[in-house]
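Worksheet: the structure to be examined is printed underneath.
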There are 2 protein chains.
Amino acid sequence: MEKQTYRLPKTSVGERSFKKIIRAGRVLFGKDGYQSTSINDIIAKAKVAAGTFYIYFDNKLALYMYLLDEYRINIRKASTEATKGLKTRYDIEKAGLKAFIMYAKNDPLAYKIIWESLFVDFEIFKDYYKTFGESYLYHLKSAVKTGEVRDDIDLLTVSYILMGISNFVGLEIIFNEKSTEADVDRVVEESMKLLKNGMFK
Amino acid sequence: MEKQTYRLPKTSVGERSFKKIIRAGRVLFGKDGYQSTSINDIIAKAKVAAGTFYIYFDNKLALYMYLLDEYRINIRKASTEATKGLKTRYDIEKAGLKAFIMYAKNDPLAYKIIWESLFVDFEIFKDYYKTFGESYLYHLKSAVKTGEVRDDIDLLTVSYILMGISNFVGLEIIFNEKSTEADVDRVVEESMKLLKNGMFK
DNA sequence: TTTACATATGAATAATTATTCATATTTTTT
DNA sequence: AAAAAATATGAATAATTATTCATATGTAAA
């Protein structure tokens, strides 16, 4: 039940302006961050007048929230696509991990924007990861029932571990500008090895 | 070989002002974030004149970098303390994980400030985690030699996985304001279980 | 005690910022 | 074709911002 802080355009002319604004927001928020980006920067990049911005968005936060939602939906979509039809939890986990890292690799700006929500609004960030974690928990519980996942481990902690792995192994890929899809496959493979058998002898 | 962007005080009077400034910076950066905090906010909270700030720091970034260094040193110190005298890699990993999470729990502002470097300056963030990751890699290599860690897994990826676990299991604790040291012990225990034997049956 | 150095002050400046609004244009509806 | 609705404009306003600097006070050295 969130406040409506943006107004969608009603004609094709409005649509063009709207798109120019969100496009500029994506680039600038991703590159310079939320707080460093001013509305002036956005309208300059989008090549619209100041007043035009306020036709569609209440303020800078409204635009940011719009983009954040967009990215979260895209990430979920990418994950759903990638795991469609897969049966074992192991295969689902593996494909989901790859999908997430590939998304981060192809759109590092999106990745930064999601992380930045920690500073834009801690509650937003918290809600996101709590919801994500609980959704994970739900799936892991089924996997325990089918006997795929061990039953002597705290599943909420496992959920956070899995989110930590995605995010940080994602960083390993993003840090290396020259990384390829083969690199992603490799780190996913290694991560799954650890999830399957641990790291200690 | 970093540029000196701050000037340490030379008398006890100066020391008091300096401390007031970094104390205000710690609180405000941690609470509201780097970009949301203005120098005006800092000097108001610290109760010093505007000019006094510039006696000790070139600008806001200089103060931020000073604090970031301070926190990184403290975290390393906490980890070194906690693992002193321990022999097996397993015990070291476990104690280090607990020390990190306890640090984050006791000083969530520090935790936020370190993460925010991703947005203040991506290169700073990258350097930090790359250095951290390489240091991890070094230790893991020895552990492979002693036979404690399996030799058929990519150790750099394991390093990033371990950083991911610390950071996200730390989040699980921070998200719950009522969490206790016993909760920390519990999530550390569960994490080690996964690192030892994996999560799948 | 005199001199040099360190420190403190806050008003003044200049730049940047978000936001509004009267006016104009374009598009859709009647 | 006229009326209504949607959209675009950018100058103007008011608030916030970082930074400087002339002046004053406190501290340590000669």
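FYI, nothing fancy with the structure tokens labels: chains A, B, ... in order, residues from 1 per chain, ligands from 1 as they appear.
Every protein, DNA or RNA residue with an atom at most 8 Å from Glu190 (chain A), where only C-alpha atoms (C1' of nucleotides) count and chain neighbours fewer than 4 positions away do not, is listed here: Arg186 and Leu194 of chain A; Ile153, Asp154, Thr157 and Val158 of chain B.
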Can you write just those residues out, C-alpha atoms, as a PDB file, in the first residue's frame?
ATOM      1  CA  ARG A 186      33.518 -21.131 -13.146  1.00  0.00           C
ATOM      2  CA  LEU A 194      31.325 -25.556  -1.452  1.00  0.00           C
TER       3      LEU A 194
ATOM      4  CA  ILE B 153      38.317 -25.720  -5.094  1.00  0.00           C
ATOM      5  CA  ASP B 154      39.132 -22.222  -6.333  1.00  0.00           C
ATOM      6  CA  THR B 157      36.150 -17.656  -4.937  1.00  0.00           C
ATOM      7  CA  VAL B 158      36.175 -19.226  -1.481  1.00  0.00           C
TER       8      VAL B 158
END
| task | Provide as a PyMOL selection string the residues of chain D at most 9 Å from chain A, counting only C-alpha atoms (C1' of nucleotides). | result | chain D and resi 6-10
| query | Residues of region 7-193 of chain A in alpha helix (DSSP H) according to DSSP, as JSON, numbers by chain? | reply | {"A": [12, 13, 14, 15, 16, 17, 18, 19, 20, 21, 22, 23, 24, 25, 26, 27, 28, 29, 30, 31, 32, 39, 40, 41, 42, 43, 44, 45, 46, 50, 51, 52, 53, 54, 55, 56, 60, 61, 62, 63, 64, 65, 66, 67, 68, 69, 70, 71, 72, 73, 74, 75, 76, 77, 78, 79, 80, 81, 82, 83, 89, 90, 91, 92, 93, 94, 95, 96, 97, 98, 99, 100, 101, 102, 103, 104, 105, 106, 108, 109, 110, 111, 112, 113, 114, 115, 116, 117, 118, 119, 120, 122, 123, 124, 125, 126, 127, 128, 129, 130, 131, 132, 133, 134, 135, 136, 137, 138, 139, 140, 141, 142, 143, 144, 145, 155, 156, 157, 158, 159, 160, 161, 162, 163, 164, 165, 166, 167, 168, 169, 170, 171, 172, 173, 174, 175, 181, 182, 183, 184, 185, 186, 187, 188, 189, 190, 191, 192, 193]}
Dump as a Markdown table the rows for residues of chain C within 12 Å of chain B: closest atom pair and distance in Å with one decimal, only C-alpha atoms (C1' of nucleotides) counted, ordered by chain and rising residue number.
| residue | atom | partner | partner_atom | distance |
| --- | --- | --- | --- | --- |
| C:DC5 | C1' | B:Lys10 | CA | 10.3 |
| C:DA6 | C1' | B:Lys10 | CA | 7.4 |
| C:DT7 | C1' | B:Gly14 | CA | 6.4 |
| C:DA8 | C1' | B:Thr52 | CA | 6.4 |
| C:DT9 | C1' | B:Ala49 | CA | 6.0 |
| C:DG10 | C1' | B:Ala49 | CA | 6.7 |
| C:DA11 | C1' | B:Ala50 | CA | 10.9 |
Using N, CA and C atoms (P, O5', C5', C4', C3', O3' and C1' of nucleotides), can you write the selected residues to a file as a PDB file, in the first residue's frame?
ATOM      1  P    DC C   5      57.144  30.953  13.661  1.00  0.00           P
ATOM      2  O5'  DC C   5      56.051  29.905  14.129  1.00  0.00           O
ATOM      3  C5'  DC C   5      56.307  29.090  15.283  1.00  0.00           C
ATOM      4  C4'  DC C   5      54.993  28.659  15.881  1.00  0.00           C
ATOM      5  C3'  DC C   5      53.964  28.130  14.860  1.00  0.00           C
ATOM      6  O3'  DC C   5      53.748  26.759  15.151  1.00  0.00           O
ATOM      7  C1'  DC C   5      52.957  29.525  16.505  1.00  0.00           C
ATOM      8  P    DA C   6      52.809  25.886  14.219  1.00  0.00           P
ATOM      9  O5'  DA C   6      51.494  25.828  15.119  1.00  0.00           O
ATOM     10  C5'  DA C   6      51.606  25.496  16.491  1.00  0.00           C
ATOM     11  C4'  DA C   6      50.231  25.552  17.129  1.00  0.00           C
ATOM     12  C3'  DA C   6      49.113  24.947  16.267  1.00  0.00           C
ATOM     13  O3'  DA C   6      48.381  24.051  17.082  1.00  0.00           O
ATOM     14  C1'  DA C   6      48.541  27.148  16.940  1.00  0.00           C
ATOM     15  P    DT C   7      47.198  23.258  16.498  1.00  0.00           P
ATOM     16  O5'  DT C   7      45.979  24.215  16.833  1.00  0.00           O
ATOM     17  C5'  DT C   7      45.710  24.530  18.197  1.00  0.00           C
ATOM     18  C4'  DT C   7      44.628  25.573  18.280  1.00  0.00           C
ATOM     19  C3'  DT C   7      43.323  25.192  17.563  1.00  0.00           C
ATOM     20  O3'  DT C   7      42.341  24.995  18.553  1.00  0.00           O
ATOM     21  C1'  DT C   7      43.895  27.477  17.248  1.00  0.00           C
ATOM     22  P    DA C   8      40.855  24.687  18.135  1.00  0.00           P
ATOM     23  O5'  DA C   8      40.207  26.132  18.093  1.00  0.00           O
ATOM     24  C5'  DA C   8      40.028  26.850  19.305  1.00  0.00           C
ATOM     25  C4'  DA C   8      39.190  28.074  19.023  1.00  0.00           C
ATOM     26  C3'  DA C   8      37.902  27.764  18.265  1.00  0.00           C
ATOM     27  O3'  DA C   8      36.809  28.245  19.031  1.00  0.00           O
ATOM     28  C1'  DA C   8      39.115  29.519  17.197  1.00  0.00           C
ATOM     29  P    DT C   9      35.352  27.995  18.531  1.00  0.00           P
ATOM     30  O5'  DT C   9      35.035  29.329  17.750  1.00  0.00           O
ATOM     31  C5'  DT C   9      35.203  30.587  18.425  1.00  0.00           C
ATOM     32  C4'  DT C   9      34.992  31.713  17.451  1.00  0.00           C
ATOM     33  C3'  DT C   9      33.742  31.563  16.583  1.00  0.00           C
ATOM     34  O3'  DT C   9      32.753  32.441  17.063  1.00  0.00           O
ATOM     35  C1'  DT C   9      35.622  32.397  15.352  1.00  0.00           C
ATOM     36  P    DG C  10      31.225  32.004  16.987  1.00  0.00           P
ATOM     37  O5'  DG C  10      30.741  32.845  15.732  1.00  0.00           O
ATOM     38  C5'  DG C  10      31.117  34.207  15.616  1.00  0.00           C
ATOM     39  C4'  DG C  10      30.956  34.639  14.172  1.00  0.00           C
ATOM     40  C3'  DG C  10      29.724  34.047  13.462  1.00  0.00           C
ATOM     41  O3'  DG C  10      29.255  34.993  12.508  1.00  0.00           O
ATOM     42  C1'  DG C  10      31.625  33.448  12.283  1.00  0.00           C
ATOM     43  P    DA C  11      27.846  35.604  12.677  1.00  0.00           P
ATOM     44  O5'  DA C  11      27.959  36.897  11.749  1.00  0.00           O
ATOM     45  C5'  DA C  11      29.009  37.838  11.967  1.00  0.00           C
ATOM     46  C4'  DA C  11      29.627  38.242  10.639  1.00  0.00           C
ATOM     47  C3'  DA C  11      28.617  38.457   9.505  1.00  0.00           C
ATOM     48  O3'  DA C  11      29.037  39.579   8.738  1.00  0.00           O
ATOM     49  C1'  DA C  11      30.155  36.770   8.878  1.00  0.00           C
TER      50       DA C  11
END
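Excluding Ile174 (chain A) and any residue on its chain fewer than 2 positions from it, the residues at most 10 Å away by only C-alpha atoms (C1' of nucleotides) are Ile101, Met102, Ala104, Lys105, Asn106, Asp107, Pro108, Tyr111, Phe168, Val169, Gly170, Leu171, Glu172, Asn176, Glu177, Lys178 and Ser179 of chain A; Lys126 of chain B.
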Per residue of chain B within 7 Å of chain A, which atom pair is closest and at what distance in Å (one decimal), using only C-alpha atoms, listed by chain and increasing number, as a tab-separated table?
residue	atom	partner	partner_atom	distance
B:Gly33	CA	A:Phe119	CA	5.9
B:Gln35	CA	A:Gln35	CA	5.5
B:Ser36	CA	A:Gln35	CA	6.9
B:Phe119	CA	A:Gly33	CA	5.9
B:Lys126	CA	A:Phe175	CA	6.7
B:Glu148	CA	A:Lys201	CA	5.7
B:Val149	CA	A:Phe200	CA	4.5
B:Arg150	CA	A:Lys201	CA	5.3
B:Ile153	CA	A:Glu190	CA	6.1
B:Asp154	CA	A:Glu190	CA	6.2
B:Thr157	CA	A:Val187	CA	6.3
B:Tyr160	CA	A:Phe168	CA	5.6
B:Ile161	CA	A:Ile165	CA	5.1
B:Met163	CA	A:Phe168	CA	7.0
B:Gly164	CA	A:Gly164	CA	4.1
B:Ile165	CA	A:Ile161	CA	5.1
B:Asn167	CA	A:Gly164	CA	6.8
B:Phe168	CA	A:Gly164	CA	5.0
B:Val169	CA	A:Tyr160	CA	5.7
B:Glu172	CA	A:Tyr160	CA	6.8
B:Phe175	CA	A:Lys126	CA	6.8
B:Val187	CA	A:Thr157	CA	6.3
B:Glu190	CA	A:Ile153	CA	6.1
B:Leu194	CA	A:Gly198	CA	6.1
B:Leu195	CA	A:Gly198	CA	4.5
B:Lys196	CA	A:Gly198	CA	4.6
B:Asn197	CA	A:Gly198	CA	4.4
B:Gly198	CA	A:Gly198	CA	4.1
B:Met199	CA	A:Leu195	CA	5.5
B:Phe200	CA	A:Val149	CA	4.5
B:Lys201	CA	A:Arg150	CA	5.4
